[in-house]
Amino acid sequence: MACTVSSVLQKCVPNFFKESDRQRLTLYLVGGASFCFLVLTPAQGPKKIELFADLGDNPKTAEGKVVVLELGVGFGPNLKYYPPGVHLIASDIHSLGEEEIKGVSESKGIHFERYLLAGAEDLSALSDESVSAVVTTLVTCSFADPSKAFKEIHRVLVPGGRYYFMEHTAEFEGKWGMEILQCLLFPVNMVIGYCHSRRDQYSDIFKYFGKANVHAKKVIMEFPTSNCLILAAGPHVYGKATKV
């Protein structure tokens with residue numbers, strides 16, 4: 001029953017906001033994203049060091065630069081893991097963190113290219129094969145249309161470029177307790193921040209990059225809390241998908 005209610009909420013929550021009231025929708029999503037970053041990001045630190053270790057080794061664009069596109073960049077919590085010398089295109093549905101990202105980039109030796117105000121489903125402002133790498137962390141759960149988003153990510157990558165991801169995902173160990181917990185809390189997550197906490201990103205990424213080109217790990221993140229809302233986000237998938 002909970003999962004049925006969840007599927008209805010997934011379609012209805014965005015429609016709660018009228019086209020003329022997109023600012024409220026943006027703040028609504030930012031609130032949910034901020035909660036995720038503040039609560040979940042600290043536990044991801046060691047695995048982010050592992051994940052981004054070769055970020056600077058991606059193929060260069062036609063301009064001779066290693067350009068990293070980060071979607072759902074927020075206020076830039078991932079930039080501390082970026083190597084100096086890469087060029088950054090920061091993107092989100094809001095520009096609240098733009099100035100902070102510029103400052104952090106400068107202090108880290110990252111070349112700030114531009115800020116792209118856009119959702120992942122429409123990256124039409126970027127040409128085909130124009131970036132060396134794409135990054136998302138705790139973002140794909142809020143994609144309005146995962147198929148369009150992953151197709152766009154694949155399109156903008158240069159051949160040999162990599163898509164780096166670290167996302168909380170649907171339960172994958174066959175544990176009924178976690179399965180039930182995620183289903184029960186799904187409506188809460190949708191209302192708090194349009195978070196599709198039952199999404200299977202692992203399978204979605206396969207469709208556009210090919211299973212042989214995706215190297216990822218599934219882990220259960222450990223959080224220092226007994227809060228069931230946070231524990232339900234424990235199942236994670238992280239890794240890289242290469243465009244061939």
# chains A, B, ... in the order shown; residues from 1 in each chain; ligands from 1
>>> closest_atom_pairs(of="region 46-136 of chain A", to="region 209-232 of chain A", cutoff="12 Å", atoms="only C-alpha atoms", output="Markdown table")
| residue | atom | partner | partner_atom | distance |
| --- | --- | --- | --- | --- |
| A:Pro46 | CA | A:Met221 | CA | 11.1 |
| A:Lys47 | CA | A:Met221 | CA | 10.0 |
| A:Glu50 | CA | A:Lys217 | CA | 11.6 |
| A:Leu51 | CA | A:Ala216 | CA | 9.7 |
>>> write_last_selection(atoms="C-alpha atoms", output="PDB file, in the first residue's frame")
ATOM      1  CA  PRO A  46      36.232   8.123   2.561  1.00  0.00           C
ATOM      2  CA  LYS A  47      34.441   6.623  -0.434  1.00  0.00           C
ATOM      3  CA  GLU A  50      38.321   6.662  -3.590  1.00  0.00           C
ATOM      4  CA  LEU A  51      35.757   7.600  -6.236  1.00  0.00           C
TER       5      LEU A  51
END
>>> residues_around(residues="Ile110 (chain A)", least_positions_apart="2", cutoff="7 Å", atoms="only C-alpha atoms", output="list in words")
Pro84, Gly85, Val86, His87, Leu88, Ser105, Glu106, Lys108 and Phe112 of chain A
>>> residues_around(residues="Leu181 (chain A)", least_positions_apart="2", cutoff="10 Å", atoms="only C-alpha atoms", output="compact mmCIF listing (two decimals) with N, CA, C and O atoms, in the first residue's frame")
# COMPACT_ATOMS: atom_id res chain seq x y z
N ALA A 2 1.94 1.24 0.84
CA ALA A 2 2.82 2.41 0.94
C ALA A 2 3.46 2.72 -0.40
O ALA A 2 3.58 3.88 -0.80
N GLU A 171 16.73 -0.83 -1.70
CA GLU A 171 17.31 -1.97 -0.96
C GLU A 171 17.72 -3.05 -1.95
O GLU A 171 17.01 -3.35 -2.89
N TRP A 176 13.94 -7.85 4.11
CA TRP A 176 12.57 -7.37 4.11
C TRP A 176 12.38 -6.17 5.03
O TRP A 176 11.55 -5.28 4.76
N GLY A 177 13.13 -6.13 6.13
CA GLY A 177 12.99 -5.01 7.05
C GLY A 177 13.30 -3.69 6.38
O GLY A 177 12.55 -2.71 6.51
N MET A 178 14.41 -3.64 5.62
CA MET A 178 14.79 -2.41 4.91
C MET A 178 13.81 -2.13 3.78
O MET A 178 13.45 -0.97 3.53
N GLU A 179 13.36 -3.17 3.10
CA GLU A 179 12.39 -3.01 2.00
C GLU A 179 11.11 -2.34 2.52
O GLU A 179 10.60 -1.38 1.93
N CYS A 183 9.66 1.55 1.82
CA CYS A 183 8.31 1.75 1.27
C CYS A 183 7.47 2.66 2.17
O CYS A 183 6.78 3.55 1.70
N LEU A 184 7.57 2.43 3.48
CA LEU A 184 6.78 3.23 4.41
C LEU A 184 7.22 4.69 4.44
O LEU A 184 6.40 5.60 4.58
N LEU A 185 8.52 4.91 4.29
CA LEU A 185 9.05 6.26 4.38
C LEU A 185 9.08 6.99 3.04
O LEU A 185 9.36 8.19 3.00
N PHE A 186 8.82 6.27 1.97
CA PHE A 186 8.86 6.88 0.64
C PHE A 186 7.98 8.13 0.55
O PHE A 186 8.42 9.18 0.07
N CYS A 228 15.19 6.45 11.74
CA CYS A 228 14.82 5.52 10.66
C CYS A 228 14.80 6.20 9.30
O CYS A 228 15.08 5.56 8.28
N LEU A 229 14.51 7.50 9.26
CA LEU A 229 14.49 8.23 7.99
C LEU A 229 15.89 8.25 7.37
O LEU A 229 16.05 8.13 6.15
N LEU A 231 18.45 6.03 8.30
CA LEU A 231 18.89 4.65 8.10
C LEU A 231 18.33 4.06 6.80
O LEU A 231 18.98 3.23 6.17
N ALA A 232 17.14 4.51 6.39
CA ALA A 232 16.54 4.00 5.16
C ALA A 232 17.35 4.41 3.93
O ALA A 232 17.20 3.82 2.85
N ALA A 233 18.21 5.43 4.07
CA ALA A 233 19.07 5.87 2.97
C ALA A 233 20.42 5.16 2.99
O ALA A 233 21.32 5.51 2.22
>>> residues_around(residues="region 142-159 of chain A", least_positions_apart="2", cutoff="10 Å", atoms="only C-alpha atoms", output="PyMOL selection string")
chain A and resi 10-11+14+29+32-33+58-62+67-69+71-72+119-124+126-135+138-140+161-163+190+193-197+199+201+204-209+241-244
>>> write_last_selection(atoms="C-alpha atoms", output="mmCIF file, in the first residue's frame")
data_model
loop_
_atom_site.group_PDB
_atom_site.id
_atom_site.type_symbol
_atom_site.label_atom_id
_atom_site.label_comp_id
_atom_site.auth_asym_id
_atom_site.auth_seq_id
_atom_site.Cartn_x
_atom_site.Cartn_y
_atom_site.Cartn_z
ATOM 1 C CA GLN A 10 5.909 10.902 -7.353
ATOM 2 C CA LYS A 11 3.604 12.164 -10.099
ATOM 3 C CA PRO A 14 5.699 18.526 -8.617
ATOM 4 C CA LEU A 29 13.931 20.884 -3.587
ATOM 5 C CA GLY A 32 15.490 18.404 0.738
ATOM 6 C CA ALA A 33 18.920 18.416 -0.907
ATOM 7 C CA ASN A 58 39.787 11.911 -17.926
ATOM 8 C CA PRO A 59 40.181 12.637 -21.661
ATOM 9 C CA LYS A 60 40.539 16.270 -22.645
ATOM 10 C CA THR A 61 37.902 18.108 -24.646
ATOM 11 C CA ALA A 62 38.513 19.532 -28.104
ATOM 12 C CA VAL A 67 36.198 19.732 -18.044
ATOM 13 C CA VAL A 68 34.068 18.398 -15.187
ATOM 14 C CA LEU A 69 30.302 18.972 -15.197
ATOM 15 C CA LEU A 71 24.954 18.266 -11.727
ATOM 16 C CA GLY A 72 23.049 19.230 -8.597
ATOM 17 C CA GLY A 119 17.991 20.352 -14.725
ATOM 18 C CA ALA A 120 19.792 17.178 -15.748
ATOM 19 C CA GLU A 121 17.022 16.298 -18.183
ATOM 20 C CA ASP A 122 17.829 19.279 -20.427
ATOM 21 C CA LEU A 123 21.505 20.049 -20.982
ATOM 22 C CA SER A 124 20.863 21.543 -24.392
ATOM 23 C CA LEU A 126 26.050 22.032 -23.800
ATOM 24 C CA SER A 127 27.231 20.568 -27.103
ATOM 25 C CA ASP A 128 27.655 16.865 -27.801
ATOM 26 C CA GLU A 129 30.924 15.443 -26.451
ATOM 27 C CA SER A 130 31.847 18.700 -24.710
ATOM 28 C CA VAL A 131 32.820 17.574 -21.188
ATOM 29 C CA SER A 132 35.420 15.137 -19.879
ATOM 30 C CA ALA A 133 33.510 13.925 -16.822
ATOM 31 C CA VAL A 134 30.098 14.251 -15.189
ATOM 32 C CA VAL A 135 29.520 14.036 -11.425
ATOM 33 C CA LEU A 138 22.795 12.380 -3.881
ATOM 34 C CA VAL A 139 21.111 13.886 -6.925
ATOM 35 C CA THR A 140 19.594 11.196 -9.149
ATOM 36 C CA GLY A 161 34.931 10.250 -20.494
ATOM 37 C CA ARG A 162 33.508 8.990 -17.217
ATOM 38 C CA TYR A 163 30.314 9.561 -15.267
ATOM 39 C CA MET A 190 8.675 12.729 -1.498
ATOM 40 C CA GLY A 193 12.184 17.023 -0.846
ATOM 41 C CA TYR A 194 10.863 15.107 -3.864
ATOM 42 C CA CYS A 195 13.311 12.285 -3.107
ATOM 43 C CA HIS A 196 12.648 9.019 -4.956
ATOM 44 C CA SER A 197 14.370 6.838 -2.366
ATOM 45 C CA ARG A 199 14.978 4.304 -7.378
ATOM 46 C CA GLN A 201 19.986 3.928 -10.497
ATOM 47 C CA ASP A 204 19.160 2.803 -15.221
ATOM 48 C CA ILE A 205 22.836 3.642 -15.826
ATOM 49 C CA PHE A 206 23.391 0.244 -17.495
ATOM 50 C CA LYS A 207 20.839 1.127 -20.160
ATOM 51 C CA TYR A 208 22.853 4.038 -21.536
ATOM 52 C CA PHE A 209 26.443 3.035 -20.837
ATOM 53 C CA ALA A 241 30.444 4.602 -16.097
ATOM 54 C CA THR A 242 32.640 5.111 -19.172
ATOM 55 C CA LYS A 243 31.356 6.322 -22.525
ATOM 56 C CA VAL A 244 32.754 4.182 -25.338
#
>>> select_by_dssp(residues="region 47-236 of chain A", states="helix (DSSP H, G or I)", output="number ranges by chain")
A: 47-51, 55-57, 79-81, 98-108, 140-142, 146-156, 176-193, 201-209, 211-213, 228-231
>>> atom_distance(atom1="CA of Pro77 (chain A)", atom2="CA of His168 (chain A)")
16.6 Å
>>> atom_distance(atom1="CA of Gly97 (chain A)", atom2="CA of Tyr115 (chain A)")
9.8 Å
>>> residues_around(residues="Arg114 (chain A)", least_positions_apart="2", cutoff="7 Å", atoms="only C-alpha atoms", output="NGL selection string")
:A and (89-90 or 112 or 116)
>>> write_last_selection(atoms="N, CA, C and O atoms", output="PDB file, in the first residue's frame")
ATOM      1  N   ILE A  89      32.252  23.090 -14.776  1.00  0.00           N
ATOM      2  CA  ILE A  89      30.943  23.643 -15.130  1.00  0.00           C
ATOM      3  C   ILE A  89      30.011  23.203 -14.013  1.00  0.00           C
ATOM      4  O   ILE A  89      29.722  22.005 -13.864  1.00  0.00           O
ATOM      5  N   ALA A  90      29.577  24.141 -13.189  1.00  0.00           N
ATOM      6  CA  ALA A  90      28.683  23.834 -12.074  1.00  0.00           C
ATOM      7  C   ALA A  90      27.244  24.002 -12.542  1.00  0.00           C
ATOM      8  O   ALA A  90      26.921  24.976 -13.219  1.00  0.00           O
ATOM      9  N   PHE A 112      37.057  27.748 -12.746  1.00  0.00           N
ATOM     10  CA  PHE A 112      35.597  27.873 -12.863  1.00  0.00           C
ATOM     11  C   PHE A 112      35.241  28.359 -14.268  1.00  0.00           C
ATOM     12  O   PHE A 112      35.621  29.455 -14.663  1.00  0.00           O
ATOM     13  N   LEU A 116      25.696  26.723 -14.915  1.00  0.00           N
ATOM     14  CA  LEU A 116      24.597  26.368 -15.811  1.00  0.00           C
ATOM     15  C   LEU A 116      23.333  26.131 -15.001  1.00  0.00           C
ATOM     16  O   LEU A 116      23.243  25.185 -14.217  1.00  0.00           O
TER      17      LEU A 116
END
>>> decode(residues="region 80-113 of chain A", atoms="N, CA, C and O atoms", output="PDB file, in the first residue's frame")
ATOM      1  N   LYS A  80      36.131  19.777  -2.621  1.00  0.00           N
ATOM      2  CA  LYS A  80      37.343  19.505  -1.857  1.00  0.00           C
ATOM      3  C   LYS A  80      38.016  18.199  -2.280  1.00  0.00           C
ATOM      4  O   LYS A  80      39.175  17.960  -1.937  1.00  0.00           O
ATOM      5  N   TYR A  81      37.297  17.379  -3.041  1.00  0.00           N
ATOM      6  CA  TYR A  81      37.866  16.121  -3.535  1.00  0.00           C
ATOM      7  C   TYR A  81      38.398  16.259  -4.967  1.00  0.00           C
ATOM      8  O   TYR A  81      38.977  15.317  -5.495  1.00  0.00           O
ATOM      9  N   TYR A  82      38.181  17.414  -5.579  1.00  0.00           N
ATOM     10  CA  TYR A  82      38.612  17.619  -6.966  1.00  0.00           C
ATOM     11  C   TYR A  82      40.103  17.950  -7.012  1.00  0.00           C
ATOM     12  O   TYR A  82      40.608  18.689  -6.161  1.00  0.00           O
ATOM     13  N   PRO A  83      40.808  17.465  -8.020  1.00  0.00           N
ATOM     14  CA  PRO A  83      42.225  17.820  -8.163  1.00  0.00           C
ATOM     15  C   PRO A  83      42.366  19.218  -8.750  1.00  0.00           C
ATOM     16  O   PRO A  83      41.519  19.660  -9.537  1.00  0.00           O
ATOM     17  N   PRO A  84      43.401  19.943  -8.390  1.00  0.00           N
ATOM     18  CA  PRO A  84      43.623  21.270  -8.990  1.00  0.00           C
ATOM     19  C   PRO A  84      43.900  21.118 -10.483  1.00  0.00           C
ATOM     20  O   PRO A  84      44.416  20.096 -10.933  1.00  0.00           O
ATOM     21  N   GLY A  85      43.509  22.129 -11.235  1.00  0.00           N
ATOM     22  CA  GLY A  85      43.785  22.132 -12.667  1.00  0.00           C
ATOM     23  C   GLY A  85      42.617  21.744 -13.541  1.00  0.00           C
ATOM     24  O   GLY A  85      42.621  22.037 -14.744  1.00  0.00           O
ATOM     25  N   VAL A  86      41.583  21.086 -12.966  1.00  0.00           N
ATOM     26  CA  VAL A  86      40.428  20.737 -13.786  1.00  0.00           C
ATOM     27  C   VAL A  86      39.573  21.977 -13.999  1.00  0.00           C
ATOM     28  O   VAL A  86      39.639  22.952 -13.239  1.00  0.00           O
ATOM     29  N   HIS A  87      38.760  21.953 -15.034  1.00  0.00           N
ATOM     30  CA  HIS A  87      37.850  23.057 -15.342  1.00  0.00           C
ATOM     31  C   HIS A  87      36.433  22.625 -14.946  1.00  0.00           C
ATOM     32  O   HIS A  87      36.016  21.499 -15.252  1.00  0.00           O
ATOM     33  N   LEU A  88      35.717  23.494 -14.270  1.00  0.00           N
ATOM     34  CA  LEU A  88      34.412  23.146 -13.706  1.00  0.00           C
ATOM     35  C   LEU A  88      33.265  23.877 -14.375  1.00  0.00           C
ATOM     36  O   LEU A  88      33.291  25.101 -14.522  1.00  0.00           O
ATOM     37  N   ILE A  89      32.252  23.090 -14.776  1.00  0.00           N
ATOM     38  CA  ILE A  89      30.943  23.643 -15.130  1.00  0.00           C
ATOM     39  C   ILE A  89      30.011  23.203 -14.013  1.00  0.00           C
ATOM     40  O   ILE A  89      29.722  22.005 -13.864  1.00  0.00           O
ATOM     41  N   ALA A  90      29.577  24.141 -13.189  1.00  0.00           N
ATOM     42  CA  ALA A  90      28.683  23.834 -12.074  1.00  0.00           C
ATOM     43  C   ALA A  90      27.244  24.002 -12.542  1.00  0.00           C
ATOM     44  O   ALA A  90      26.921  24.976 -13.219  1.00  0.00           O
ATOM     45  N   SER A  91      26.385  23.049 -12.181  1.00  0.00           N
ATOM     46  CA  SER A  91      24.999  23.115 -12.649  1.00  0.00           C
ATOM     47  C   SER A  91      24.021  22.725 -11.548  1.00  0.00           C
ATOM     48  O   SER A  91      24.276  21.812 -10.756  1.00  0.00           O
ATOM     49  N   ASP A  92      22.913  23.438 -11.502  1.00  0.00           N
ATOM     50  CA  ASP A  92      21.843  23.107 -10.569  1.00  0.00           C
ATOM     51  C   ASP A  92      20.580  23.804 -11.050  1.00  0.00           C
ATOM     52  O   ASP A  92      20.622  24.610 -11.986  1.00  0.00           O
ATOM     53  N   ILE A  93      19.452  23.523 -10.385  1.00  0.00           N
ATOM     54  CA  ILE A  93      18.195  24.172 -10.745  1.00  0.00           C
ATOM     55  C   ILE A  93      18.067  25.527 -10.067  1.00  0.00           C
ATOM     56  O   ILE A  93      17.077  26.228 -10.248  1.00  0.00           O
ATOM     57  N   HIS A  94      19.056  25.881  -9.247  1.00  0.00           N
ATOM     58  CA  HIS A  94      19.101  27.184  -8.586  1.00  0.00           C
ATOM     59  C   HIS A  94      20.540  27.680  -8.632  1.00  0.00           C
ATOM     60  O   HIS A  94      21.470  26.931  -8.932  1.00  0.00           O
ATOM     61  N   SER A  95      20.736  28.958  -8.333  1.00  0.00           N
ATOM     62  CA  SER A  95      22.088  29.524  -8.345  1.00  0.00           C
ATOM     63  C   SER A  95      22.501  30.024  -6.965  1.00  0.00           C
ATOM     64  O   SER A  95      23.384  30.878  -6.844  1.00  0.00           O
ATOM     65  N   LEU A  96      21.890  29.477  -5.918  1.00  0.00           N
ATOM     66  CA  LEU A  96      22.142  29.957  -4.560  1.00  0.00           C
ATOM     67  C   LEU A  96      23.594  29.762  -4.136  1.00  0.00           C
ATOM     68  O   LEU A  96      24.122  30.542  -3.342  1.00  0.00           O
ATOM     69  N   GLY A  97      24.254  28.738  -4.656  1.00  0.00           N
ATOM     70  CA  GLY A  97      25.620  28.471  -4.235  1.00  0.00           C
ATOM     71  C   GLY A  97      26.681  28.955  -5.203  1.00  0.00           C
ATOM     72  O   GLY A  97      27.866  28.658  -5.032  1.00  0.00           O
ATOM     73  N   GLU A  98      26.292  29.710  -6.220  1.00  0.00           N
ATOM     74  CA  GLU A  98      27.230  30.090  -7.282  1.00  0.00           C
ATOM     75  C   GLU A  98      28.451  30.838  -6.761  1.00  0.00           C
ATOM     76  O   GLU A  98      29.595  30.504  -7.110  1.00  0.00           O
ATOM     77  N   GLU A  99      28.247  31.853  -5.940  1.00  0.00           N
ATOM     78  CA  GLU A  99      29.376  32.649  -5.463  1.00  0.00           C
ATOM     79  C   GLU A  99      30.294  31.830  -4.565  1.00  0.00           C
ATOM     80  O   GLU A  99      31.528  31.959  -4.627  1.00  0.00           O
ATOM     81  N   GLU A 100      29.701  30.987  -3.733  1.00  0.00           N
ATOM     82  CA  GLU A 100      30.522  30.132  -2.864  1.00  0.00           C
ATOM     83  C   GLU A 100      31.361  29.164  -3.690  1.00  0.00           C
ATOM     84  O   GLU A 100      32.541  28.925  -3.401  1.00  0.00           O
ATOM     85  N   ILE A 101      30.766  28.617  -4.746  1.00  0.00           N
ATOM     86  CA  ILE A 101      31.475  27.678  -5.610  1.00  0.00           C
ATOM     87  C   ILE A 101      32.638  28.372  -6.320  1.00  0.00           C
ATOM     88  O   ILE A 101      33.723  27.808  -6.451  1.00  0.00           O
ATOM     89  N   LYS A 102      32.414  29.602  -6.750  1.00  0.00           N
ATOM     90  CA  LYS A 102      33.495  30.365  -7.389  1.00  0.00           C
ATOM     91  C   LYS A 102      34.661  30.548  -6.422  1.00  0.00           C
ATOM     92  O   LYS A 102      35.833  30.398  -6.788  1.00  0.00           O
ATOM     93  N   GLY A 103      34.344  30.868  -5.158  1.00  0.00           N
ATOM     94  CA  GLY A 103      35.378  31.087  -4.161  1.00  0.00           C
ATOM     95  C   GLY A 103      36.156  29.827  -3.833  1.00  0.00           C
ATOM     96  O   GLY A 103      37.391  29.842  -3.762  1.00  0.00           O
ATOM     97  N   VAL A 104      35.433  28.725  -3.646  1.00  0.00           N
ATOM     98  CA  VAL A 104      36.086  27.457  -3.337  1.00  0.00           C
ATOM     99  C   VAL A 104      36.942  27.005  -4.511  1.00  0.00           C
ATOM    100  O   VAL A 104      38.062  26.509  -4.332  1.00  0.00           O
ATOM    101  N   SER A 105      36.436  27.174  -5.711  1.00  0.00           N
ATOM    102  CA  SER A 105      37.187  26.785  -6.911  1.00  0.00           C
ATOM    103  C   SER A 105      38.515  27.523  -6.977  1.00  0.00           C
ATOM    104  O   SER A 105      39.570  26.924  -7.230  1.00  0.00           O
ATOM    105  N   GLU A 106      38.461  28.814  -6.728  1.00  0.00           N
ATOM    106  CA  GLU A 106      39.680  29.625  -6.785  1.00  0.00           C
ATOM    107  C   GLU A 106      40.696  29.164  -5.749  1.00  0.00           C
ATOM    108  O   GLU A 106      41.898  29.044  -6.032  1.00  0.00           O
ATOM    109  N   SER A 107      40.208  28.870  -4.528  1.00  0.00           N
ATOM    110  CA  SER A 107      41.118  28.464  -3.454  1.00  0.00           C
ATOM    111  C   SER A 107      41.705  27.065  -3.689  1.00  0.00           C
ATOM    112  O   SER A 107      42.776  26.753  -3.172  1.00  0.00           O
ATOM    113  N   LYS A 108      41.003  26.250  -4.468  1.00  0.00           N
ATOM    114  CA  LYS A 108      41.449  24.879  -4.741  1.00  0.00           C
ATOM    115  C   LYS A 108      42.241  24.756  -6.035  1.00  0.00           C
ATOM    116  O   LYS A 108      42.702  23.673  -6.385  1.00  0.00           O
ATOM    117  N   GLY A 109      42.380  25.843  -6.775  1.00  0.00           N
ATOM    118  CA  GLY A 109      43.087  25.766  -8.049  1.00  0.00           C
ATOM    119  C   GLY A 109      42.262  25.134  -9.145  1.00  0.00           C
ATOM    120  O   GLY A 109      42.784  24.612 -10.127  1.00  0.00           O
ATOM    121  N   ILE A 110      40.923  25.192  -8.984  1.00  0.00           N
ATOM    122  CA  ILE A 110      39.997  24.680  -9.987  1.00  0.00           C
ATOM    123  C   ILE A 110      39.569  25.842 -10.874  1.00  0.00           C
ATOM    124  O   ILE A 110      39.242  26.929 -10.376  1.00  0.00           O
ATOM    125  N   HIS A 111      39.586  25.651 -12.171  1.00  0.00           N
ATOM    126  CA  HIS A 111      39.219  26.720 -13.102  1.00  0.00           C
ATOM    127  C   HIS A 111      37.693  26.739 -13.291  1.00  0.00           C
ATOM    128  O   HIS A 111      37.128  25.838 -13.894  1.00  0.00           O
ATOM    129  N   PHE A 112      37.057  27.748 -12.746  1.00  0.00           N
ATOM    130  CA  PHE A 112      35.597  27.873 -12.863  1.00  0.00           C
ATOM    131  C   PHE A 112      35.241  28.359 -14.268  1.00  0.00           C
ATOM    132  O   PHE A 112      35.621  29.455 -14.663  1.00  0.00           O
ATOM    133  N   GLU A 113      34.517  27.538 -15.011  1.00  0.00           N
ATOM    134  CA  GLU A 113      34.159  27.877 -16.389  1.00  0.00           C
ATOM    135  C   GLU A 113      32.848  28.662 -16.468  1.00  0.00           C
ATOM    136  O   GLU A 113      32.786  29.724 -17.069  1.00  0.00           O
TER     137      GLU A 113
END
